[in-house]
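Shown below: coords.tsv, with TSV, C-alpha atoms.
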chain	number	residue	atom	x	y	z
A	1	MET	CA	9.73	172.89	109.51
A	2	SER	CA	12.33	175.54	110.48
A	3	PRO	CA	15.96	174.70	109.63
A	4	LEU	CA	16.87	174.43	113.33
A	5	LEU	CA	13.96	172.11	114.06
A	6	ALA	CA	14.78	170.06	110.96
A	7	ASP	CA	18.37	169.67	112.16
A	8	GLN	CA	17.21	168.61	115.60
A	9	PHE	CA	14.79	166.12	114.06
A	10	ASP	CA	17.57	164.73	111.90
A	11	LEU	CA	19.90	164.38	114.88
A	12	LEU	CA	17.20	162.56	116.85
A	13	MET	CA	16.49	160.22	113.93
A	14	ARG	CA	20.20	159.52	113.42
A	15	TRP	CA	20.76	158.80	117.11
A	16	LEU	CA	17.70	156.54	117.34
A	17	HIS	CA	18.75	154.80	114.12
A	18	LEU	CA	22.18	153.95	115.55
A	19	ALA	CA	20.94	153.09	119.05
A	20	ALA	CA	18.17	150.81	117.79
A	21	ALA	CA	20.54	149.20	115.28
A	22	LEU	CA	22.95	148.43	118.12
A	23	VAL	CA	20.16	146.82	120.14
A	24	TRP	CA	19.00	144.76	117.16
A	25	ILE	CA	22.30	143.73	115.62
A	26	GLY	CA	23.89	143.54	119.07
A	27	HIS	CA	21.45	140.73	119.87
A	28	ASN	CA	22.28	139.08	116.57
A	29	TYR	CA	26.05	139.32	117.02
A	30	ALA	CA	25.87	138.23	120.66
A	31	THR	CA	24.12	135.05	119.57
A	32	ALA	CA	26.57	134.57	116.70
A	33	VAL	CA	29.52	134.84	119.09
A	34	THR	CA	28.16	132.84	122.01
A	35	ARG	CA	26.81	130.13	119.72
A	36	SER	CA	29.51	130.14	117.09
A	37	ARG	CA	28.34	126.82	115.66
A	38	TYR	CA	24.87	125.39	115.25
A	39	THR	CA	23.97	123.03	118.07
A	40	PRO	CA	20.76	121.14	117.31
A	41	LEU	CA	18.01	121.16	119.92
A	42	GLN	CA	17.02	117.75	121.23
A	43	ALA	CA	13.47	116.42	121.28
A	44	SER	CA	13.83	115.88	125.04
A	45	ASP	CA	14.60	119.60	125.50
A	46	LEU	CA	11.34	120.59	123.84
A	47	ALA	CA	9.14	117.85	125.28
A	48	ASP	CA	9.39	119.29	128.79
A	49	PRO	CA	8.34	122.96	129.04
A	50	GLY	CA	10.33	123.25	132.27
A	51	SER	CA	13.59	121.93	130.83
A	52	PRO	CA	16.66	124.17	131.33
A	53	VAL	CA	17.06	124.58	127.55
A	54	GLN	CA	13.48	125.68	127.12
A	55	ARG	CA	13.67	128.09	130.05
A	56	MET	CA	16.85	129.53	128.52
A	57	LEU	CA	15.14	129.95	125.15
A	58	LEU	CA	12.17	131.70	126.74
A	59	GLN	CA	14.40	134.04	128.73
A	60	ARG	CA	16.01	135.18	125.51
A	61	GLU	CA	12.67	135.86	123.90
A	62	HIS	CA	11.71	139.39	124.92
A	63	GLY	CA	10.93	140.94	121.56
A	64	VAL	CA	12.97	144.11	122.17
A	65	PHE	CA	15.26	143.46	119.22
A	66	ARG	CA	12.33	142.80	116.89
A	67	TYR	CA	10.83	146.21	117.66
A	68	ALA	CA	14.30	147.79	117.56
A	69	SER	CA	14.49	146.59	113.95
A	70	LEU	CA	11.37	148.59	113.11
A	71	VAL	CA	12.74	151.71	114.85
A	72	THR	CA	16.02	151.28	112.93
A	73	LEU	CA	14.32	150.98	109.56
A	74	GLY	CA	11.72	153.67	110.34
A	75	CYS	CA	14.33	156.24	111.38
A	76	GLY	CA	16.49	155.43	108.35
A	77	LEU	CA	13.58	155.88	105.98
A	78	ALA	CA	12.50	159.07	107.79
A	79	MET	CA	15.97	160.60	107.32
A	80	LEU	CA	15.95	159.78	103.60
A	81	LEU	CA	12.37	161.04	103.22
A	82	ARG	CA	13.10	164.35	104.95
A	83	ARG	CA	15.99	164.99	102.57
A	84	GLY	CA	13.83	164.04	99.59
A	85	TRP	CA	16.24	161.18	98.87
A	86	LEU	CA	14.01	158.17	99.47
A	87	GLY	CA	12.92	157.59	95.87
A	88	GLY	CA	16.41	158.18	94.51
A	89	ALA	CA	17.97	155.87	97.07
A	90	LEU	CA	15.50	153.05	96.48
A	91	SER	CA	15.97	153.33	92.71
A	92	LEU	CA	19.78	153.48	93.21
A	93	GLN	CA	20.15	156.84	91.47
A	94	GLY	CA	23.67	158.28	91.14
A	95	PRO	CA	25.32	159.23	94.43
A	96	LEU	CA	22.34	157.83	96.35
A	97	ALA	CA	23.11	154.29	95.12
A	98	PRO	CA	25.33	153.28	98.09
A	99	ILE	CA	22.77	154.26	100.75
A	100	GLY	CA	20.08	152.79	98.49
A	101	ILE	CA	21.79	149.39	98.54
A	102	GLY	CA	22.06	149.68	102.33
A	103	THR	CA	18.36	150.55	102.53
A	104	TRP	CA	17.33	147.57	100.43
A	105	ILE	CA	19.50	145.21	102.48
A	106	GLY	CA	17.94	146.66	105.65
A	107	ILE	CA	14.44	146.09	104.27
A	108	VAL	CA	15.33	142.47	103.44
A	109	MET	CA	16.73	142.00	106.96
A	110	VAL	CA	13.57	143.35	108.62
A	111	LEU	CA	11.38	141.17	106.39
A	112	ASN	CA	13.60	138.16	107.17
A	113	LEU	CA	13.30	138.85	110.90
A	114	TRP	CA	9.52	139.38	110.98
A	115	PHE	CA	8.33	136.96	108.29
A	116	VAL	CA	10.89	134.12	108.42
A	117	LEU	CA	12.58	134.07	111.82
A	118	TRP	CA	9.71	135.12	114.09
A	119	PRO	CA	6.97	132.77	112.74
A	120	HIS	CA	9.39	129.83	113.09
A	121	GLN	CA	10.58	130.99	116.51
A	122	LYS	CA	6.98	131.07	117.73
A	123	ARG	CA	6.73	127.36	116.89
A	124	VAL	CA	10.06	126.53	118.55
A	125	LEU	CA	8.95	128.24	121.76
A	126	GLY	CA	5.50	126.68	121.69
A	127	PHE	CA	3.62	129.99	121.25
A	128	VAL	CA	2.09	128.34	118.19
A	129	PRO	CA	1.20	124.65	118.64
A	130	ALA	CA	3.39	122.31	116.58
A	131	SER	CA	4.74	118.76	116.82
A	132	ILE	CA	8.18	118.17	118.35
A	133	GLU	CA	9.57	117.29	114.90
A	134	GLU	CA	8.19	120.50	113.44
A	135	ARG	CA	9.64	122.55	116.31
A	136	LEU	CA	13.06	120.96	115.81
A	137	ARG	CA	12.93	121.77	112.08
A	138	CYS	CA	11.87	125.34	112.87
A	139	SER	CA	14.81	125.79	115.25
A	140	ARG	CA	17.17	125.11	112.34
A	141	VAL	CA	15.31	127.68	110.20
A	142	THR	CA	15.54	130.33	112.95
A	143	PHE	CA	19.28	129.70	113.21
A	144	LEU	CA	19.82	130.08	109.46
A	145	SER	CA	17.53	133.11	109.29
A	146	ALA	CA	19.51	134.83	112.08
A	147	ARG	CA	22.80	133.95	110.37
A	148	VAL	CA	21.58	135.38	107.06
A	149	ASN	CA	20.95	138.67	108.86
A	150	THR	CA	24.45	138.49	110.40
A	151	LEU	CA	25.83	138.04	106.88
A	152	LEU	CA	23.72	140.87	105.42
A	153	SER	CA	24.69	143.27	108.21
A	154	VAL	CA	28.28	143.36	106.88
A	155	PRO	CA	27.49	144.94	103.47
A	156	LEU	CA	24.73	147.05	105.05
A	157	LEU	CA	27.15	148.67	107.50
A	158	PHE	CA	29.66	149.19	104.70
A	159	PHE	CA	27.15	150.91	102.42
A	160	MET	CA	25.74	152.99	105.27
A	161	ALA	CA	29.27	154.25	106.02
A	162	ALA	CA	29.99	154.63	102.29
A	163	SER	CA	26.89	156.76	101.77
A	164	SER	CA	28.89	159.85	102.83
A	165	HIS	CA	31.74	158.76	100.58
A	166	GLY	CA	29.74	157.54	97.61
A	167	VAL	CA	32.19	158.87	95.04
A	168	PHE	CA	34.77	156.34	96.18
A	169	VAL	CA	32.38	153.43	95.86
A	170	ARG	CA	30.95	154.60	92.56
A	171	GLY	CA	34.36	155.21	91.02
B	1	MET	CA	24.83	127.36	102.04
B	2	GLY	CA	23.12	126.22	105.23
B	3	ARG	CA	26.18	124.28	106.34
B	4	LEU	CA	28.50	127.20	105.58
B	5	LEU	CA	26.46	129.45	107.85
B	6	ASP	CA	26.97	127.04	110.74
B	7	SER	CA	30.23	128.85	111.50
B	8	THR	CA	30.21	132.48	112.66
B	9	LEU	CA	33.60	133.12	111.10
B	10	VAL	CA	32.44	131.84	107.71
B	11	THR	CA	29.26	133.94	108.01
B	12	PHE	CA	31.29	137.14	108.44
B	13	GLY	CA	33.61	136.03	105.64
B	14	LEU	CA	30.66	135.56	103.33
B	15	GLY	CA	29.41	139.00	104.40
B	16	LEU	CA	32.73	140.55	103.38
B	17	ALA	CA	32.67	138.66	100.08
B	18	LEU	CA	29.12	139.89	99.40
B	19	THR	CA	30.25	143.45	100.19
B	20	GLY	CA	33.02	143.11	97.60
B	21	VAL	CA	30.63	141.74	94.99
B	22	LEU	CA	28.15	144.58	95.56
B	23	VAL	CA	30.87	147.25	95.41
B	24	ALA	CA	32.20	145.74	92.17
B	25	LEU	CA	28.67	145.61	90.76
B	26	LEU	CA	28.01	149.23	91.72
B	27	ARG	CA	31.25	150.45	90.15
B	28	TRP	CA	30.59	148.43	87.03
B	29	LEU	CA	27.04	149.76	86.66
B	30	SER	CA	27.92	153.42	87.28

Would you mind writing the file out in structure tokens?
Amino acid sequence: MSPLLADQFDLLMRWLHLAAALVWIGHNYATAVTRSRYTPLQASDLADPGSPVQRMLLQREHGVFRYASLVTLGCGLAMLLRRGWLGGALSLQGPLAPIGIGTWIGIVMVLNLWFVLWPHQKRVLGFVPASIEERLRCSRVTFLSARVNTLLSVPLLFFMAASSHGVFVRG
Amino acid sequence: MGRLLDSTLVTFGLGLALTGVLVALLRWLS
């Protein structure tokens, strides 16, 4: 790859990384702000598929943020790979340690989204058959799973920003 | 932990605390 093309590729990856991260974490923060405290779903809300609460839940389920998470992680890994930094970052080597921590947190967040939040959300929404009690339990898990990602986004953003200023963080 | 996360403000506070712990850990290890 010519240096100019490599630069253009890197710019595209960086832009997509930020844009997709905004879509993903924007969804997460929007929910965190609009629903600042956990409000339990009621059995009556889930019993009727046409209930206002259920319609509201279904409207919010469009999957864009889930795929944005994959674009975010993919572009981040591609940037590290192109620089030959991926191994060093993941093994927290020297000046690559800050971005490495950010990468690991990002991987945990994507796994949390796809393998904890989404399977439970599918039960809440009725995409996967489950009893009302099970769906109510799952709604609590989806809330906590989303909040864990809100929490993890704080150090991730810090270490992503610190990756250009690793000397400060590493002392 | 689950109860703590019920509040958005506490969630962000915990995020900041975790950031501090990780920075301290990184500086200590390097």

Q: Name all residues at most 12 Å from Thr8 (chain B) (count only C-alpha atoms; drop same-chain ones fewer than 5 positions away) and give them as a list in words.
A: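 Counting only C-alpha atoms, the residues come to Asn28, Tyr29, Ala30, Thr31, Ala32, Val33, Thr34, Arg35, Ser36, Arg37, Tyr38, Phe143, Leu144, Ala146, Arg147, Val148, Asn149, Thr150 and Leu151 of chain A; Arg3, Gly13, Leu14 and Gly15 of chain B.
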
Kindly provide the residues of chain B that approach chain A to within 6 Å, each paired with its closest atom pair and their distance in Å to one decimal, based on all atoms listed in the file, listed by chain and increasing number, as CSV.
residue,atom,partner,partner_atom,distance
B:Asp6,CA,A:Arg37,CA,5.1
B:Ser7,CA,A:Arg37,CA,5.0
B:Thr8,CA,A:Ser36,CA,5.1
B:Thr11,CA,A:Leu151,CA,5.5
B:Phe12,CA,A:Leu151,CA,5.7
B:Gly15,CA,A:Leu151,CA,4.5
B:Thr19,CA,A:Pro155,CA,4.5
B:Arg27,CA,A:Arg170,CA,4.8

Would you put the residues from that selection into a file with C-alpha atoms, as a JSON list (two decimals), in the frame of the given file?
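out.json written:
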[["chain", "number", "residue", "atom", "x", "y", "z"],
["B", 6, "ASP", "CA", 26.97, 127.04, 110.74],
["B", 7, "SER", "CA", 30.23, 128.85, 111.50],
["B", 8, "THR", "CA", 30.21, 132.48, 112.66],
["B", 11, "THR", "CA", 29.26, 133.94, 108.01],
["B", 12, "PHE", "CA", 31.29, 137.14, 108.44],
["B", 15, "GLY", "CA", 29.41, 139.00, 104.40],
["B", 19, "THR", "CA", 30.25, 143.45, 100.19],
["B", 27, "ARG", "CA", 31.25, 150.45, 90.15]]

Q: Rank nothing, just name the residue among A:Ala161, A:Cys138, A:Ala19, A:Met79 nearest to Val124 (chain A), using only C-alpha atoms.
A: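 Distance minimum relative to Val124 (chain A) lands on A:Cys138.
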
Q) Quick one: distance from CA of Ala130 (chain A) to CA of Val110 (chain A) in Å, one decimal? A)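 Computing the Euclidean distance for CA of Ala130 (chain A) and CA of Val110 (chain A) yields 24.7 Å.
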
Q.
If we count all atoms listed in the file and set the cut-off at 12 Å, which residues sit around Pro119 (chain A), ignoring sequence neighbours fewer than 2 positions away in its own chain? Please answer as an NGL selection string.
A. :A and (111-117 or 121-130 or 135 or 138-139 or 141-142 or 145)

Q. What gap, in Å, lies between CA of Arg60 (chain A) and CA of Arg137 (chain A)?
A.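 We find that CA of Arg60 (chain A) and CA of Arg137 (chain A) lie 19.2 Å from each other.
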
Q. Expressed in Å to a single decimal, how great is the separation between CA of Val71 (chain A) and CA of Ala21 (chain A)?
A.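 Spanning CA of Val71 (chain A) to CA of Ala21 (chain A) is a straight-line distance of 8.2 Å.
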
Residues near region 44-55 of chain A, anyone? I mean within 8 Å using only C-alpha atoms, not counting same-chain ones fewer than 2 positions away, as a PDB file with C-alpha atoms, in the frame of the given file.
ATOM      1  CA  LEU A  41      18.010 121.160 119.920  1.00  0.00           C
ATOM      2  CA  GLN A  42      17.020 117.750 121.230  1.00  0.00           C
ATOM      3  CA  LEU A  57      15.140 129.950 125.150  1.00  0.00           C
ATOM      4  CA  LEU A  58      12.170 131.700 126.740  1.00  0.00           C
ATOM      5  CA  GLN A  59      14.400 134.040 128.730  1.00  0.00           C
ATOM      6  CA  LEU A 125       8.950 128.240 121.760  1.00  0.00           C
ATOM      7  CA  ILE A 132       8.180 118.170 118.350  1.00  0.00           C
ATOM      8  CA  ARG A 135       9.640 122.550 116.310  1.00  0.00           C
TER       9      ARG A 135
END

Q) Hey, which of A:Leu77, A:Glu133, A:His120, A:Gly87 ends up closest to Asp10 (chain A)? Count all atoms listed in the file. A)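 Ranking A:Leu77, A:Glu133, A:His120, A:Gly87 by distance to Asp10 (chain A), first place goes to A:Leu77.
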